[in-house]
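What's in input-v5.cif: mmCIF, C-alpha atoms
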```cif
data_run
#
loop_
_atom_site.label_atom_id
_atom_site.label_comp_id
_atom_site.auth_asym_id
_atom_site.auth_seq_id
_atom_site.Cartn_x
_atom_site.Cartn_y
_atom_site.Cartn_z
CA MET A 1 -2.87 10.91 -26.08
CA ASN A 2 -2.90 7.50 -27.71
CA LYS A 3 -4.78 4.49 -26.39
CA GLU A 4 -1.78 2.63 -25.04
CA ALA A 5 -0.55 5.67 -23.15
CA LEU A 6 -3.99 6.24 -21.67
CA LYS A 7 -4.11 2.67 -20.51
CA GLU A 8 -0.61 2.77 -19.09
CA ASN A 9 -1.31 6.00 -17.29
CA TYR A 10 -4.46 4.56 -15.82
CA PHE A 11 -2.71 1.54 -14.38
CA SER A 12 0.20 3.59 -13.12
CA ASN A 13 -2.14 6.15 -11.55
CA ARG A 14 -0.94 9.06 -13.60
CA LEU A 15 -4.10 10.09 -15.39
CA SER A 16 -5.19 13.69 -15.23
CA GLU A 17 -8.87 14.40 -14.86
CA ALA A 18 -9.18 15.27 -18.53
CA GLU A 19 -7.41 12.07 -19.52
CA PHE A 20 -9.75 10.04 -17.35
CA VAL A 21 -12.70 11.49 -19.21
CA GLN A 22 -10.93 10.78 -22.50
CA LEU A 23 -10.36 7.17 -21.44
CA GLU A 24 -13.96 6.79 -20.40
CA GLN A 25 -15.16 8.06 -23.77
CA LEU A 26 -12.81 5.77 -25.60
CA LEU A 27 -14.14 2.80 -23.64
CA GLU A 28 -17.65 3.72 -24.64
CA THR A 29 -16.93 3.95 -28.32
CA ASP A 30 -14.11 1.54 -29.08
CA ALA A 31 -15.22 -2.06 -28.56
CA THR A 32 -11.83 -3.62 -29.26
CA PHE A 33 -10.11 -1.33 -26.82
CA ARG A 34 -12.87 -1.96 -24.29
CA GLU A 35 -12.29 -5.70 -24.50
CA GLU A 36 -8.58 -5.27 -23.97
CA PHE A 37 -9.15 -2.93 -21.09
CA TYR A 38 -11.72 -5.24 -19.54
CA ASP A 39 -9.22 -8.10 -19.61
CA ALA A 40 -6.63 -5.85 -18.02
CA LEU A 41 -9.01 -4.89 -15.21
CA GLU A 42 -9.73 -8.55 -14.58
CA ILE A 43 -6.05 -9.32 -14.28
CA GLN A 44 -5.58 -6.38 -11.95
CA GLN A 45 -8.40 -7.58 -9.70
CA ALA A 46 -7.23 -11.20 -9.72
CA LEU A 47 -3.75 -10.08 -8.66
CA ALA A 48 -5.17 -7.75 -6.05
CA GLY A 49 -7.36 -10.52 -4.64
CA GLU A 50 -4.29 -12.66 -4.15
CA LYS A 51 -2.28 -9.85 -2.60
CA HIS A 52 -5.08 -8.82 -0.28
CA ARG A 53 -5.37 -12.14 1.44
CA PRO A 54 -2.83 -11.61 4.25
CA LEU A 55 -4.05 -8.08 4.93
CA LYS A 56 -7.61 -9.27 4.97
CA GLU A 57 -6.77 -11.96 7.47
CA ARG A 58 -5.04 -9.38 9.60
CA LEU A 59 -8.12 -7.16 9.65
CA GLN A 60 -10.40 -10.09 10.35
CA LYS A 61 -8.28 -10.96 13.36
CA LEU A 62 -8.77 -7.44 14.66
CA ASP A 63 -12.49 -8.10 14.68
CA GLN A 64 -12.05 -11.18 16.77
CA LYS A 65 -10.27 -9.63 19.70
CA PRO A 66 -10.70 -6.33 21.45
CA ALA A 67 -8.13 -3.70 20.66
CA ARG A 68 -5.09 -3.72 22.85
CA LYS A 69 -4.16 -0.53 24.57
CA ASN A 70 -0.80 0.08 26.03
CA HIS A 71 -2.00 1.83 29.13
CA TRP A 72 -2.66 -0.63 31.87
CA TYR A 73 -4.91 1.75 33.74
CA LEU A 74 -7.45 1.69 30.93
CA TYR A 75 -7.71 -2.01 31.46
CA ALA A 76 -7.90 -1.63 35.16
CA ALA A 77 -10.78 0.79 34.65
CA ALA A 78 -12.52 -1.71 32.42
CA LEU A 79 -12.06 -4.43 35.00
CA VAL A 80 -13.66 -2.29 37.66
CA ALA A 81 -16.75 -2.07 35.53
CA LEU A 82 -16.72 -5.78 34.92
CA ILE A 83 -16.65 -7.05 38.41
CA SER A 84 -19.58 -6.90 40.71
CA ILE A 85 -18.72 -5.74 44.17
CA GLY A 86 -22.20 -5.82 45.59
CA SER A 87 -21.74 -8.95 47.62
CA LEU A 88 -19.04 -7.34 49.73
CA PHE A 89 -21.39 -4.88 51.33
CA TYR A 90 -23.90 -7.47 52.40
CA ASN A 91 -21.40 -9.85 53.82
CA PRO A 92 -21.00 -9.06 57.50
CA THR A 93 -17.99 -11.25 58.12
CA PRO A 94 -15.22 -11.21 55.59
CA ASP A 95 -14.75 -14.41 53.73
CA TYR A 96 -11.22 -14.09 52.46
CA GLU A 97 -11.62 -16.64 49.71
CA ASP A 98 -14.71 -14.88 48.53
CA VAL A 99 -13.12 -11.46 48.53
CA TYR A 100 -10.23 -12.85 46.58
CA ALA A 101 -12.41 -14.64 44.08
CA THR A 102 -14.49 -11.53 43.54
CA HIS A 103 -11.52 -9.33 42.87
CA PHE A 104 -8.92 -11.49 41.35
CA GLU A 105 -8.97 -11.55 37.63
CA ALA A 106 -5.90 -12.34 35.60
CA TYR A 107 -4.44 -9.14 34.31
CA PRO A 108 -4.87 -8.73 30.56
CA ASN A 109 -1.90 -8.91 28.30
CA VAL A 110 -1.11 -5.27 27.65
CA VAL A 111 2.28 -5.77 26.14
CA SER A 112 2.51 -5.14 22.47
CA LEU A 113 5.33 -7.29 21.23
CA THR A 114 5.63 -5.69 17.86
CA ASN A 115 6.73 -2.48 19.50
CA ARG A 116 9.75 -4.14 20.95
CA SER A 117 12.87 -4.39 18.95
CA ASP A 118 14.57 -7.33 20.64
CA ALA A 119 13.60 -9.71 17.91
CA PRO A 120 15.63 -12.86 18.75
CA GLN A 121 13.58 -13.54 21.87
CA GLU A 122 10.35 -12.69 20.17
CA GLY A 123 9.42 -16.32 19.68
CA VAL A 124 9.71 -17.13 23.39
CA ALA A 125 7.83 -13.99 24.37
CA LYS A 126 5.06 -14.64 21.91
CA GLU A 127 4.68 -18.18 23.13
CA ALA A 128 4.57 -17.07 26.76
CA PHE A 129 1.84 -14.54 26.08
CA GLU A 130 -0.11 -17.00 24.00
CA LEU A 131 -0.08 -19.49 26.87
CA TYR A 132 -1.10 -16.74 29.25
CA GLU A 133 -3.98 -15.69 27.07
CA ALA A 134 -5.06 -19.31 26.70
CA ASN A 135 -5.26 -19.53 30.52
CA GLN A 136 -2.48 -22.12 30.59
CA TYR A 137 -0.91 -20.38 33.53
CA LYS A 138 1.42 -23.11 34.68
CA GLU A 139 3.07 -23.35 31.29
CA ALA A 140 2.97 -19.58 30.93
CA ALA A 141 4.80 -19.15 34.26
CA ALA A 142 7.58 -21.46 33.10
CA ALA A 143 7.81 -19.61 29.79
CA PHE A 144 7.97 -16.18 31.45
CA GLN A 145 10.58 -17.43 33.89
CA GLU A 146 12.71 -18.60 31.02
CA LEU A 147 12.14 -15.37 29.14
CA TYR A 148 13.14 -13.32 32.16
CA ARG A 149 16.57 -14.94 32.10
CA GLN A 150 17.07 -13.61 28.61
CA ARG A 151 15.19 -10.39 29.03
CA PRO A 152 15.13 -9.11 32.62
CA GLU A 153 12.40 -6.56 32.20
CA ASP A 154 9.62 -5.50 34.50
CA TYR A 155 6.74 -6.67 32.36
CA VAL A 156 8.19 -10.16 31.96
CA HIS A 157 8.56 -10.47 35.70
CA PHE A 158 5.10 -9.10 36.28
CA TYR A 159 3.49 -11.67 34.03
CA TYR A 160 5.61 -14.41 35.58
CA GLY A 161 4.20 -13.57 39.03
CA LEU A 162 0.70 -13.19 37.68
CA SER A 163 0.82 -16.53 35.88
CA LEU A 164 1.77 -18.22 39.13
CA MET A 165 -1.06 -16.54 41.00
CA ALA A 166 -3.63 -17.16 38.31
CA GLY A 167 -2.50 -20.77 38.21
CA GLY A 168 -3.30 -21.12 41.91
CA GLU A 169 0.25 -20.90 43.24
CA THR A 170 -0.52 -17.91 45.38
CA GLU A 171 2.51 -17.97 47.65
CA ALA A 172 4.97 -18.42 44.83
CA GLY A 173 3.19 -15.64 42.95
CA ILE A 174 3.46 -13.25 45.88
CA ASP A 175 7.11 -14.16 46.29
CA ALA A 176 7.80 -13.42 42.66
CA LEU A 177 5.97 -10.10 42.71
CA GLU A 178 7.57 -9.02 45.97
CA THR A 179 11.09 -9.62 44.79
CA TYR A 180 11.02 -7.06 42.01
CA PRO A 181 11.83 -3.41 42.86
CA TRP A 182 8.80 -1.95 41.07
CA GLN A 183 8.91 1.43 42.70
CA GLU A 184 12.67 1.87 42.46
CA GLU A 185 12.55 1.01 38.80
CA ASN A 186 9.73 3.43 38.35
CA SER A 187 7.81 0.66 36.65
CA ASP A 188 4.42 1.12 35.03
CA PHE A 189 3.39 -2.03 36.84
CA THR A 190 4.08 -0.74 40.38
CA THR A 191 0.47 -0.20 41.37
CA VAL A 192 -0.94 -3.30 39.72
CA ALA A 193 1.80 -5.38 41.32
CA ASP A 194 0.83 -4.01 44.74
CA TRP A 195 -2.79 -4.73 43.98
CA TYR A 196 -2.15 -8.35 43.14
CA ILE A 197 0.21 -8.90 46.04
CA GLY A 198 -2.48 -7.49 48.31
CA LEU A 199 -5.10 -9.76 46.82
CA GLY A 200 -2.73 -12.69 47.19
CA TYR A 201 -2.46 -12.02 50.91
CA VAL A 202 -6.23 -11.77 51.10
CA LYS A 203 -6.40 -15.26 49.69
CA LEU A 204 -3.88 -16.54 52.21
CA GLY A 205 -5.95 -14.96 54.97
CA ASN A 206 -3.07 -12.69 55.96
CA SER A 207 -4.99 -9.49 56.49
CA THR A 208 -2.04 -7.51 57.89
CA ASP A 209 0.06 -7.82 54.76
CA ALA A 210 -3.02 -7.55 52.60
CA ARG A 211 -3.89 -4.25 54.22
CA PHE A 212 -0.35 -2.94 53.79
CA TYR A 213 -0.33 -3.43 50.03
CA LEU A 214 -3.95 -2.53 49.40
CA GLN A 215 -3.58 0.64 51.43
CA LYS A 216 -0.72 1.67 49.14
CA VAL A 217 -2.99 1.17 46.16
CA ALA A 218 -5.92 2.92 47.84
CA ASP A 219 -3.77 5.93 48.72
CA GLY A 220 -2.61 6.40 45.18
CA GLU A 221 -4.47 8.27 42.54
CA ASN A 222 -5.31 5.56 40.09
CA SER A 223 -8.28 3.64 38.86
CA LEU A 224 -7.57 0.76 41.21
CA SER A 225 -7.60 2.90 44.36
CA LYS A 226 -11.35 2.84 44.71
CA ARG A 227 -11.45 -0.90 44.42
CA ALA A 228 -8.61 -1.30 46.88
CA GLN A 229 -10.60 0.83 49.31
CA GLU A 230 -13.58 -1.44 48.84
CA VAL A 231 -11.56 -4.53 49.56
CA LEU A 232 -10.11 -2.86 52.65
CA GLU A 233 -13.60 -2.10 53.88
CA ALA A 234 -14.65 -5.67 53.23
CA LEU A 235 -11.75 -6.87 55.33
CA ASP A 236 -12.79 -4.73 58.30
CA MET B 1 -6.59 17.02 8.23
CA ILE B 2 -3.03 17.39 9.46
CA LYS B 3 -3.46 14.34 11.60
CA ASP B 4 -5.00 12.47 8.67
CA GLN B 5 -2.06 13.31 6.46
CA TYR B 6 0.20 12.07 9.23
CA VAL B 7 -1.62 8.74 9.14
CA VAL B 8 -1.25 8.61 5.36
CA ASP B 9 2.47 9.23 5.73
CA LYS B 10 2.73 6.41 8.24
CA LEU B 11 0.95 4.09 5.86
CA LYS B 12 3.43 5.11 3.17
CA GLN B 13 6.10 3.61 5.40
CA ASN B 14 4.21 0.29 5.54
CA ASP B 15 3.12 0.88 9.11
CA LEU B 16 0.48 -1.82 9.49
CA LYS B 17 -0.27 -0.81 13.06
CA ALA B 18 -1.44 2.52 11.68
CA LEU B 19 -3.66 0.59 9.30
CA ASP B 20 -5.14 -1.34 12.23
CA GLU B 21 -5.87 1.97 13.91
CA VAL B 22 -7.61 3.35 10.85
CA TYR B 23 -9.62 0.17 10.57
CA LEU B 24 -10.80 0.32 14.16
CA THR B 25 -11.38 4.07 14.18
CA TYR B 26 -13.91 4.22 11.35
CA LYS B 27 -15.40 0.75 11.62
CA LYS B 28 -18.47 1.52 13.66
CA GLU B 29 -19.38 4.59 11.68
CA PHE B 30 -18.85 2.81 8.40
CA ILE B 31 -21.11 -0.06 9.44
CA LEU B 32 -23.86 2.37 10.42
CA PHE B 33 -23.45 4.12 7.09
CA ALA B 34 -23.49 0.86 5.14
CA ARG B 35 -26.62 -0.34 6.92
CA THR B 36 -28.58 2.42 5.24
CA PHE B 37 -28.25 0.35 2.06
CA SER B 38 -29.80 -3.03 1.64
CA ILE B 39 -26.75 -5.25 1.87
CA SER B 40 -26.07 -8.04 4.32
CA GLU B 41 -23.94 -7.72 7.45
CA ASP B 42 -21.40 -10.13 5.99
CA ALA B 43 -21.17 -8.07 2.85
CA ILE B 44 -20.69 -4.92 4.94
CA ALA B 45 -17.80 -6.48 6.85
CA ASP B 46 -16.25 -7.59 3.58
CA VAL B 47 -16.71 -4.23 1.89
CA TYR B 48 -15.17 -2.43 4.86
CA GLN B 49 -12.09 -4.65 4.86
CA GLU B 50 -11.70 -4.19 1.11
CA THR B 51 -12.09 -0.45 1.56
CA ILE B 52 -9.30 -0.29 4.11
CA ILE B 53 -7.09 -2.42 1.89
CA SER B 54 -7.83 -0.14 -1.08
CA LEU B 55 -6.74 2.83 0.96
CA TYR B 56 -3.49 1.09 1.82
CA GLU B 57 -2.94 0.05 -1.77
CA ASN B 58 -3.65 3.49 -3.14
CA ILE B 59 -1.05 4.89 -0.81
CA GLN B 60 1.45 2.18 -1.62
CA ASN B 61 1.19 2.61 -5.35
CA LYS B 62 1.15 6.39 -5.07
CA LYS B 63 -2.37 6.93 -6.25
CA LEU B 64 -2.94 8.74 -3.00
CA GLU B 65 -0.09 10.95 -1.83
CA HIS B 66 -1.81 13.99 -0.42
CA LEU B 67 -5.28 14.06 0.94
CA THR B 68 -7.55 16.70 -0.45
CA SER B 69 -10.33 15.73 1.91
CA THR B 70 -10.40 14.14 5.33
CA LEU B 71 -9.35 10.53 5.57
CA LYS B 72 -12.88 9.64 6.55
CA THR B 73 -14.37 11.25 3.44
CA TYR B 74 -11.84 9.44 1.32
CA LEU B 75 -12.59 6.09 2.94
CA PHE B 76 -16.33 6.50 2.68
CA ALA B 77 -16.03 7.40 -1.00
CA ILE B 78 -14.22 4.13 -1.69
CA GLY B 79 -16.69 2.24 0.47
CA LYS B 80 -19.67 3.77 -1.24
CA PHE B 81 -18.33 2.78 -4.64
CA LYS B 82 -17.94 -0.79 -3.43
CA ILE B 83 -21.43 -0.88 -1.94
CA TYR B 84 -22.90 0.60 -5.11
CA LYS B 85 -21.04 -2.03 -7.07
CA GLN B 86 -22.95 -4.72 -5.22
CA LEU B 87 -26.22 -2.91 -5.76
CA ASN B 88 -25.45 -2.10 -9.40
CA LYS B 89 -25.92 1.57 -8.72
CA ASN B 90 -22.65 2.84 -10.14
CA LYS B 91 -22.28 4.33 -13.57
CA ARG B 92 -21.45 1.38 -15.79
CA LEU B 93 -20.18 0.46 -19.20
CA HIS B 94 -21.40 -2.79 -20.65
CA HIS B 95 -19.13 -5.25 -22.26
CA GLU B 96 -20.47 -8.53 -23.65
CA GLY B 97 -22.84 -9.17 -20.81
CA ASN B 98 -20.37 -7.89 -18.22
CA SER B 99 -20.00 -4.45 -16.74
CA ILE B 100 -17.26 -2.04 -15.96
CA HIS B 101 -18.16 0.06 -12.93
CA ILE B 102 -16.96 3.63 -13.02
CA SER B 103 -16.23 6.07 -10.25
CA GLU B 104 -15.43 9.46 -11.68
CA GLU B 105 -14.90 10.79 -8.19
CA MET B 106 -12.18 8.24 -7.44
CA GLN B 107 -11.05 7.89 -11.08
CA LEU B 108 -11.58 4.21 -10.89
CA PHE B 109 -12.77 1.35 -13.08
CA GLU B 110 -13.65 -2.08 -11.76
CA THR B 111 -15.13 -5.17 -13.33
CA GLU B 112 -17.46 -7.66 -11.72
CA VAL B 113 -15.35 -10.73 -11.28
CA ASN B 114 -17.23 -13.63 -9.77
CA ASP B 115 -15.44 -16.03 -7.45
CA GLU B 116 -15.08 -18.80 -10.00
CA ARG B 117 -13.64 -16.51 -12.64
CA GLN B 118 -11.31 -14.97 -10.07
CA ARG B 119 -9.99 -18.40 -9.05
CA LYS B 120 -9.44 -19.44 -12.65
CA LEU B 121 -7.51 -16.27 -13.35
CA GLN B 122 -5.41 -16.67 -10.24
CA THR B 123 -4.60 -20.28 -11.09
CA ALA B 124 -3.68 -19.32 -14.63
CA LEU B 125 -1.47 -16.49 -13.40
CA LYS B 126 0.43 -18.96 -11.25
CA GLN B 127 0.96 -21.26 -14.20
CA LEU B 128 2.80 -18.55 -16.10
CA GLY B 129 6.58 -18.41 -16.06
CA SER B 130 8.09 -16.33 -13.30
CA LYS B 131 9.16 -13.61 -15.74
CA CYS B 132 5.60 -13.18 -16.97
CA GLN B 133 4.24 -13.18 -13.46
CA LYS B 134 6.63 -10.46 -12.47
CA ILE B 135 5.88 -8.24 -15.46
CA LEU B 136 2.12 -8.49 -15.04
CA GLU B 137 2.35 -7.91 -11.33
CA LEU B 138 4.49 -4.81 -11.67
CA TYR B 139 2.31 -3.40 -14.41
CA TYR B 140 -1.18 -4.22 -13.17
CA TYR B 141 -0.71 -4.33 -9.45
CA ASN B 142 2.25 -2.14 -8.51
CA GLY B 143 1.36 0.60 -10.96
CA MET B 144 4.72 0.74 -12.70
CA THR B 145 5.09 2.08 -16.22
CA LEU B 146 6.81 0.05 -18.93
CA ASP B 147 9.85 2.30 -18.64
CA GLU B 148 10.09 1.64 -14.94
CA ILE B 149 9.67 -2.09 -15.43
CA ARG B 150 12.31 -2.07 -18.13
CA THR B 151 14.80 -0.63 -15.67
CA GLU B 152 13.66 -2.83 -12.82
CA LEU B 153 13.92 -6.07 -14.79
CA ASP B 154 16.89 -5.08 -16.95
CA TYR B 155 15.29 -5.27 -20.37
CA THR B 156 17.42 -4.02 -23.24
CA SER B 157 14.61 -2.02 -24.76
CA LYS B 158 11.05 -1.02 -24.10
CA ASP B 159 9.94 -2.78 -27.29
CA VAL B 160 11.38 -6.09 -26.15
CA LEU B 161 9.51 -5.74 -22.88
CA LYS B 162 6.35 -4.74 -24.69
CA SER B 163 6.32 -7.81 -26.89
CA GLN B 164 7.17 -9.98 -23.87
CA LYS B 165 4.18 -8.52 -22.04
CA SER B 166 1.92 -9.22 -25.03
CA ARG B 167 3.11 -12.82 -25.12
CA CYS B 168 2.40 -13.17 -21.41
CA LEU B 169 -1.13 -11.85 -21.86
CA LYS B 170 -1.77 -14.17 -24.75
CA GLN B 171 -0.52 -17.13 -22.77
CA LEU B 172 -2.68 -16.16 -19.82
CA LYS B 173 -5.74 -15.91 -21.99
CA GLU B 174 -5.12 -19.37 -23.41
CA LEU B 175 -4.65 -20.85 -19.96
CA VAL B 176 -7.90 -19.35 -18.73
CA LYS B 177 -9.72 -20.54 -21.82
CA LYS B 178 -8.34 -24.03 -21.36
CA SER B 179 -9.53 -24.13 -17.76
CA TYR B 180 -13.11 -23.79 -18.98
CA GLU B 181 -12.83 -26.73 -21.37
#
```
Go ahead and render the structure in this file as C-alpha cells.
Amino acid sequence: MNKEALKENYFSNRLSEAEFVQLEQLLETDATFREEFYDALEIQQALAGEKHRPLKERLQKLDQKPARKNHWYLYAAALVALISIGSLFYNPTPDYEDVYATHFEAYPNVVSLTNRSDAPQEGVAKEAFELYEANQYKEAAAAFQELYRQRPEDYVHFYYGLSLMAGGETEAGIDALETYPWQEENSDFTTVADWYIGLGYVKLGNSTDARFYLQKVADGENSLSKRAQEVLEALD
Amino acid sequence: MIKDQYVVDKLKQNDLKALDEVYLTYKKEFILFARTFSISEDAIADVYQETIISLYENIQNKKLEHLTSTLKTYLFAIGKFKIYKQLNKNKRLHHEGNSIHISEEMQLFETEVNDERQRKLQTALKQLGSKCQKILELYYYNGMTLDEIRTELDYTSKDVLKSQKSRCLKQLKELVKKSYE
C-alpha cells in the first residue's frame, strides 16, 4: 500500500492491523513522510480541540450538579437522610412552626425537560425551573402558573404549588395543591403532594387537616411514610 | 457486554444523555485508577473528559462500531494512553524535537501540541477560506476519504480535490508561520 493510501486510511479509520504496523515502520524510516504526517496530526488535534469545546463544557457542568434522577422517591429518600429529626422526640409540646421548618424542604426539580417533546414551551419551562432552582420562588410561581395555562400537566401544577409554599405563601400553596386531582390522574406526584399539603397545614397550626394528609402518606408504602409517621407523632 | 453495545448504539444516534450516563458511571472508578499515577487532580479531570469525548468521537466517525471488550476496558485503554502521554510513558517516535505518541492497542497516533501552538493552528484554520476549512475538517476530523469528500462537496474529480487540499495545507502552513513572526 502506498504512503498516501496509508495516511488516508489512518485518518478515515480504515487501517488493518498489518497496515498500522506498516505505517508505524514508515514513520520511523521516512523523515519526509513523518513530517507530513506530524503536520496532519497537529491539524487533526487542533480541529478536535475546537470541536470538543461544547462537549467538554457539557461534561464539566455534570460535575457541578448532582445527577438528576427521574424517580421522585429516590429524592425523597435522600431528603430523609438529610434532615435531622432528633429534635422532635425531645420536644414535649409540638411547636408547629418548628415541625414545619424541620420537615419542609423545597422539593428538588426532578423533571428532565429534554425528555419532553413539546418544544415550543420549552423556553418558559426552562425559565420556570431555573427560577425555582435559584430559590426565586415568587417569580417561579408566576412562571409555573403561566406555563400551566399552556401545558396543563401534573408536574407543572405541582411545582406551581410548591413554589408558592416555598416562597412563604402557605395558604395559596395548599390551595393550589389541593385543587389538582392527583389520585384520579394517577399522578407520580400524588404522595409528595399530600406530604406538602400536610406540612402546609402543620405550619398553619391546623392539626386536623395536617393529620388527614399526613396519615395518607404514612399509610402508603413509600419512602415518605416513615417521616409522615414521625411528624404525626410529633403532633400528638 | 450486550448492555455496553446498546450504549454504543445509542451514542451512534447522537444520544448525549447516554454520554452523560457513561461519564457519570465510570467517573469515580477512573479517578481512583488515575490517582495511581503521579498526575494532578485537575489533569485527571481533564483526561477523563477527553477520554469520554474520544469515545464519542470514535463512535461518530466509525472507528468504533462493535465493542470487542467491555465499554469500561475500552474507556480505560483510551484514558491510560492519555495519562501516559502526560507522563511520557507511551511508545514514541521523535520528530525534530517533538514526539508522536503511539498506541498500538488503540491504533492511535497523537502529537504533543502545547496550548500556544494549538491556538495558533486554530486561528490559522479559521483564516482559511470556507472551502478549505470544510475539506480539512471532513478529512482530518470526520474521517472521510477523498472519494467521499469529492461526492459530498461535488468536485469534478478526485485529482482536483487533491490539489485543492494541498493548496489548503500550504496556505495553512504559511499562516501559522506568519503568526510566529
Rounded to one decimal, what separation in Å do you get between CA of Phe158 (chain A) and CA of Gln64 (chain A)?
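Result for CA of Phe158 (chain A) versus CA of Gln64 (chain A): 26.1 Å, one decimal.
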At most 9 Å to chain B: residues in chain A, only C-alpha atoms, as a ChimeraX atom specification
/A:8-15,17,20-21,24,27-28,31,34-35,38-52,55-56,58-60,62-63,67
Could you check how far CA of Ile174 (chain A) sits from CA of Tyr148 (chain A), in Å to one decimal?
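So the answer is 16.8 Å.
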Under the PyMOL selection byres ((chain A and resi 200) around 9), which residues of this model are included? Write them out as an MDAnalysis selection string.
chainID A and resid 100 104 165 170:171 173:174 195:199 201:206 210
CA of Gln5 (chain B) to CA of Leu67 (chain B), distance in Å rounded to a single decimal
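CA of Leu67 (chain B) lies at a distance of 6.4 Å from CA of Gln5 (chain B).
Residue selection for this entry, given the PyMOL selection byres ((chain A and resi 222) around 10), comprises Tyr73, Ala76, Ala77, Thr191, Val192, Val217, Ala218, Asp219, Gly220, Glu221, Ser223, Leu224, Ser225, Lys226 and Arg227 of chain A.
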Would you pick out the contacts of Ile83 (chain B) at 9 Å or less, using only C-alpha atoms, so that residues sharing its chain but fewer than 5 positions from it are not included, and give the list as a PDB file with C-alpha atoms, keeping the file's coordinate frame?
```pdb
ATOM      1  CA  ALA B  34     -23.490   0.860   5.140  1.00  0.00           C
ATOM      2  CA  PHE B  37     -28.250   0.350   2.060  1.00  0.00           C
ATOM      3  CA  ILE B  39     -26.750  -5.250   1.870  1.00  0.00           C
ATOM      4  CA  ALA B  43     -21.170  -8.070   2.850  1.00  0.00           C
ATOM      5  CA  ILE B  44     -20.690  -4.920   4.940  1.00  0.00           C
ATOM      6  CA  VAL B  47     -16.710  -4.230   1.890  1.00  0.00           C
ATOM      7  CA  ILE B  78     -14.220   4.130  -1.690  1.00  0.00           C
ATOM      8  CA  ASN B  88     -25.450  -2.100  -9.400  1.00  0.00           C
ATOM      9  CA  LYS B  89     -25.920   1.570  -8.720  1.00  0.00           C
TER      10      LYS B  89
END
```
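Nearest to Ala140 (chain A) of all the residues A:Tyr96, A:Phe189, A:Tyr160, A:Phe33 is A:Tyr160, based on all atoms listed in the file.
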Might you pull out every residue within 9 Å of Phe81 (chain B), with all atoms listed in the file counted and same-chain residues fewer than 5 positions away left off, and present them as a ChimeraX atom specification?
/B:76,86,89-90,101-103,106
Residues matched by the PyMOL selection byres ((chain A and resi 154) around 10), written as a ChimeraX atom specification:
/A:148,151-153,155-160,180-182,185-190
Can I get the selected residues back with C-alpha atoms, as a short mmCIF file (atom, residue, chain, number, x, y, z; two decimals), in the coordinates of the input?
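Contents of again37.cif, as written:
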```cif
data_model
loop_
_atom_site.label_atom_id
_atom_site.label_comp_id
_atom_site.auth_asym_id
_atom_site.auth_seq_id
_atom_site.Cartn_x
_atom_site.Cartn_y
_atom_site.Cartn_z
CA TYR A 148 13.14 -13.32 32.16
CA ARG A 151 15.19 -10.39 29.03
CA PRO A 152 15.13 -9.11 32.62
CA GLU A 153 12.40 -6.56 32.20
CA TYR A 155 6.74 -6.67 32.36
CA VAL A 156 8.19 -10.16 31.96
CA HIS A 157 8.56 -10.47 35.70
CA PHE A 158 5.10 -9.10 36.28
CA TYR A 159 3.49 -11.67 34.03
CA TYR A 160 5.61 -14.41 35.58
CA TYR A 180 11.02 -7.06 42.01
CA PRO A 181 11.83 -3.41 42.86
CA TRP A 182 8.80 -1.95 41.07
CA GLU A 185 12.55 1.01 38.80
CA ASN A 186 9.73 3.43 38.35
CA SER A 187 7.81 0.66 36.65
CA ASP A 188 4.42 1.12 35.03
CA PHE A 189 3.39 -2.03 36.84
CA THR A 190 4.08 -0.74 40.38
#
```
Give as an MDAnalysis selection string each residue that has an atom at most 10 Å from (4.7, -23.6, 33.3) in the file, counting only C-alpha atoms.
chainID A and resid 128 131:132 136:146 160 163:164 167
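Distance check against Asn2 (chain A) using all atoms listed in the file: of A:Lys61, A:Leu26, A:Gly123, A:Ser16, the minimum falls on A:Leu26.
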Residue with smallest distance to Glu174 (chain B) - pool B:Asp9, B:Ala124, B:Ser40, B:Tyr74, counting only C-alpha atoms:
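Under the stated criterion, the closest residue is B:Ala124.
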